[in-house]
Amino acid sequence: MHQINEIYINGQFVTPHGEELFDLFNPATAQPIGQIRLADEQDAHAAIKAAKQAFPEFSRTPKATRVAHLKRMHAAVAGVEAELTQAIIEEYGAPVSRAVWMAKHAASVLLDAARVLQDYDFTRRIGIAEVIMQPLGVAGLITPWNSNAGFICGKLAAALAAGCTAVIKPSEMSALQTSVVTRALHQAGLPAGVFNIVTGRGETVGAVLSTHADIAKVSFTGSTAVGKHILRAGAETLKRITLELGGKSPVLVLDDTDLKKAIPMALQAGFMNSGQACIAGTRILVPAHRLAEVERLIIKEVANIRAGDPQDPNTSVGPMVSLKQWQRVQAYIQMGIEEGAHLLAGGPGLPDECTAGWFIKPTVFSRVTNQMTIAREEIFGPVLSVITYKDEAEALAIANDTPYGLQAYILSTDVKKAHTLASQIDAGRVLINTLAHEPLAPFGGFKQSGIGREYGTFGLEAFLEPKSILS
Ligand code: NAD
């Protein structure tokens, strides 16, 4: 059993003042695997104090010093890749192929930030003004359970590259990953207080970060409901706030496309990260006159998608992170049935070969209307909706008829047409015939998928404030 009794403040591992113990589970077995002692408000205050003390000196460090810090941090996290992969599988249940990618990503974002910083000019001239990009101050960084290690490292990398210091509040459900990453980052030997990691509840530690006068910036990734709460809480002190929130991404399968290639890719986009992905392509939009062919292909393809033991390299859909999440996804499947959608694959209950754990059958509903609850709300599980359109204008209208706008996918052999459609979709990223990631391009949402952008130069500037000096 894991026992995690430490948080990280001012360059030291310390026992939290908070005394609450929080159980950790292996979602593939539903069995407890350990406990973490959670930080409380007093711990959050101590972490903010340390970050505030470290800020004046750190904010003035030369760019080369911070580049070197980021490179050491990258090497340290890359050095624990195997351990991090196992932690991700054990406490989150990501299938091994995904977990390996996630662990590599946690390291690579640090190197990406070092490269961006290397090339970034903090001073520019505009007319008679010298414009200086100045670090904002202490940043509060809040992460979700579905990509905890990656967001700890990605948000921290951007904050430190800018010259900010940080207090990180990781997801309380991801304590193993946080422990591995914290120990690695400590090895990188940054000055005390530059980053602090306090795992506690959102309503306690998270609430302090979103209201404390000494926090200048909050970068949050998580649900839209909590994001709105943080925005309201931060308004009192006018915090700069970046929000990376939920999604209900459309996959536009155009009439010209080869369905035998498009449908497997659409399913991969929908079931990625076991469906627990903000960018999952959960609404598959297909030409009405090809529905029968689409349905046949989906039934065939889903039969070959393995849900089960995340350690098995053949598995592509792992368990839901918690019993609560499992129940939530099951409720949506039931709702889809009750709303009259046609169940094409999957359905309620556990997959046949699973007797324990929080597994969901990879589920696809067809003949869904865009007004049904399963097409409107973020389910955050392997549950997809096929929606028909009669022409491209309608496909576009359906794609944009959502409160979200994080990502969209277009599958077409007509690249010019796909680009024209991409320009009309309200989403922060549009992927044409690919599931690739570009780590230096801005990432973030339109509408209720968020505010601001992460990664690359846009992500760096989210931690900077322009100042014009005229003489
Ligand atoms: P969540 O909103 O429940 O929690 C996210 C984090 O916020 C956790 O650390 C939690 O402890 C904290 N929190 C909770 N209440 C808080 C409060 N009142 N004040 C401050 N912090 C608080 O989200 P989750 O369930 O961990 O993650 C799933 C959600 O994250 C999904 O909606 C998903 O779409 C979203 N997500 C978005 C992106 C993106 O980049 N857009 C990426 C991954 C996940």
# chains A, B, ... in the order shown; residues from 1 in each chain; ligands from 1
>>> residues_around(residues="Gln276 of chain A", least_positions_apart="2", cutoff="7 Å", atoms="only C-alpha atoms", output="JSON, numbers by chain")
{"A": [146, 273, 274, 278, 380, 381]}
>>> residues_around(residues="Ile89 of chain A", least_positions_apart="5", cutoff="10 Å", atoms="only C-alpha atoms", output="list in words")
Asn26, Pro27, Ala28, Leu84, Ala94, Pro95, Val96, Ser97, Arg98, Ala99, Val100, Gln177, Asp309, Pro310, Gln311 and Gly318 of chain A
>>> write_last_selection(atoms="N, CA and C atoms", output="PDB file, in the first residue's frame")
ATOM      1  N   ASN A  26      -7.040   1.587  -7.324  1.00  0.00           N
ATOM      2  CA  ASN A  26      -6.689   1.128  -8.664  1.00  0.00           C
ATOM      3  C   ASN A  26      -8.014   0.935  -9.411  1.00  0.00           C
ATOM      4  N   PRO A  27      -8.297   1.760 -10.411  1.00  0.00           N
ATOM      5  CA  PRO A  27      -9.610   1.670 -11.068  1.00  0.00           C
ATOM      6  C   PRO A  27      -9.821   0.376 -11.851  1.00  0.00           C
ATOM      7  N   ALA A  28      -8.718  -0.329 -12.164  1.00  0.00           N
ATOM      8  CA  ALA A  28      -8.860  -1.589 -12.902  1.00  0.00           C
ATOM      9  C   ALA A  28      -9.318  -2.731 -11.998  1.00  0.00           C
ATOM     10  N   LEU A  84       6.880   6.653 -13.731  1.00  0.00           N
ATOM     11  CA  LEU A  84       5.690   7.484 -13.952  1.00  0.00           C
ATOM     12  C   LEU A  84       4.641   6.713 -14.767  1.00  0.00           C
ATOM     13  N   ALA A  94      -4.902   4.242 -17.296  1.00  0.00           N
ATOM     14  CA  ALA A  94      -4.666   4.473 -18.727  1.00  0.00           C
ATOM     15  C   ALA A  94      -4.066   3.225 -19.350  1.00  0.00           C
ATOM     16  N   PRO A  95      -4.538   2.813 -20.531  1.00  0.00           N
ATOM     17  CA  PRO A  95      -3.916   1.669 -21.209  1.00  0.00           C
ATOM     18  C   PRO A  95      -2.433   1.951 -21.406  1.00  0.00           C
ATOM     19  N   VAL A  96      -1.617   0.894 -21.347  1.00  0.00           N
ATOM     20  CA  VAL A  96      -0.168   1.085 -21.306  1.00  0.00           C
ATOM     21  C   VAL A  96       0.363   1.959 -22.446  1.00  0.00           C
ATOM     22  N   SER A  97      -0.198   1.798 -23.661  1.00  0.00           N
ATOM     23  CA  SER A  97       0.324   2.607 -24.777  1.00  0.00           C
ATOM     24  C   SER A  97       0.097   4.088 -24.503  1.00  0.00           C
ATOM     25  N   ARG A  98      -1.069   4.407 -23.974  1.00  0.00           N
ATOM     26  CA  ARG A  98      -1.390   5.806 -23.647  1.00  0.00           C
ATOM     27  C   ARG A  98      -0.522   6.279 -22.469  1.00  0.00           C
ATOM     28  N   ALA A  99      -0.357   5.424 -21.472  1.00  0.00           N
ATOM     29  CA  ALA A  99       0.408   5.812 -20.277  1.00  0.00           C
ATOM     30  C   ALA A  99       1.856   6.126 -20.645  1.00  0.00           C
ATOM     31  N   VAL A 100       2.428   5.334 -21.561  1.00  0.00           N
ATOM     32  CA  VAL A 100       3.808   5.587 -22.000  1.00  0.00           C
ATOM     33  C   VAL A 100       3.873   6.978 -22.653  1.00  0.00           C
ATOM     34  N   GLN A 177       1.251   9.845  -9.235  1.00  0.00           N
ATOM     35  CA  GLN A 177       1.959  10.570 -10.299  1.00  0.00           C
ATOM     36  C   GLN A 177       2.631  11.820  -9.729  1.00  0.00           C
ATOM     37  N   ASP A 309      -7.926  -4.868 -18.991  1.00  0.00           N
ATOM     38  CA  ASP A 309      -6.677  -4.682 -18.249  1.00  0.00           C
ATOM     39  C   ASP A 309      -5.753  -3.655 -18.914  1.00  0.00           C
ATOM     40  N   PRO A 310      -5.505  -2.530 -18.261  1.00  0.00           N
ATOM     41  CA  PRO A 310      -4.672  -1.495 -18.889  1.00  0.00           C
ATOM     42  C   PRO A 310      -3.214  -1.926 -19.090  1.00  0.00           C
ATOM     43  N   GLN A 311      -2.775  -2.953 -18.365  1.00  0.00           N
ATOM     44  CA  GLN A 311      -1.386  -3.422 -18.546  1.00  0.00           C
ATOM     45  C   GLN A 311      -1.231  -4.220 -19.839  1.00  0.00           C
ATOM     46  N   GLY A 318      -9.308   1.683 -21.191  1.00  0.00           N
ATOM     47  CA  GLY A 318      -9.120   1.282 -19.795  1.00  0.00           C
ATOM     48  C   GLY A 318     -10.339   1.656 -18.966  1.00  0.00           C
TER      49      GLY A 318
END
>>> closest_residue(among="A:Leu406, A:Ala50, A:Ala418, A:Ala216", to="ligand 1", atoms="only C-alpha atoms and all ligand atoms")
A:Leu406
>>> residues_near_ligand(ligand="ligand 1", cutoff="8 Å", atoms="only C-alpha atoms and all ligand atoms", output="ChimeraX atom specification")
/A:142-147,169-172,200-210,220-227,229-230,243-247,276-279,378,380,406,443-445,449-450
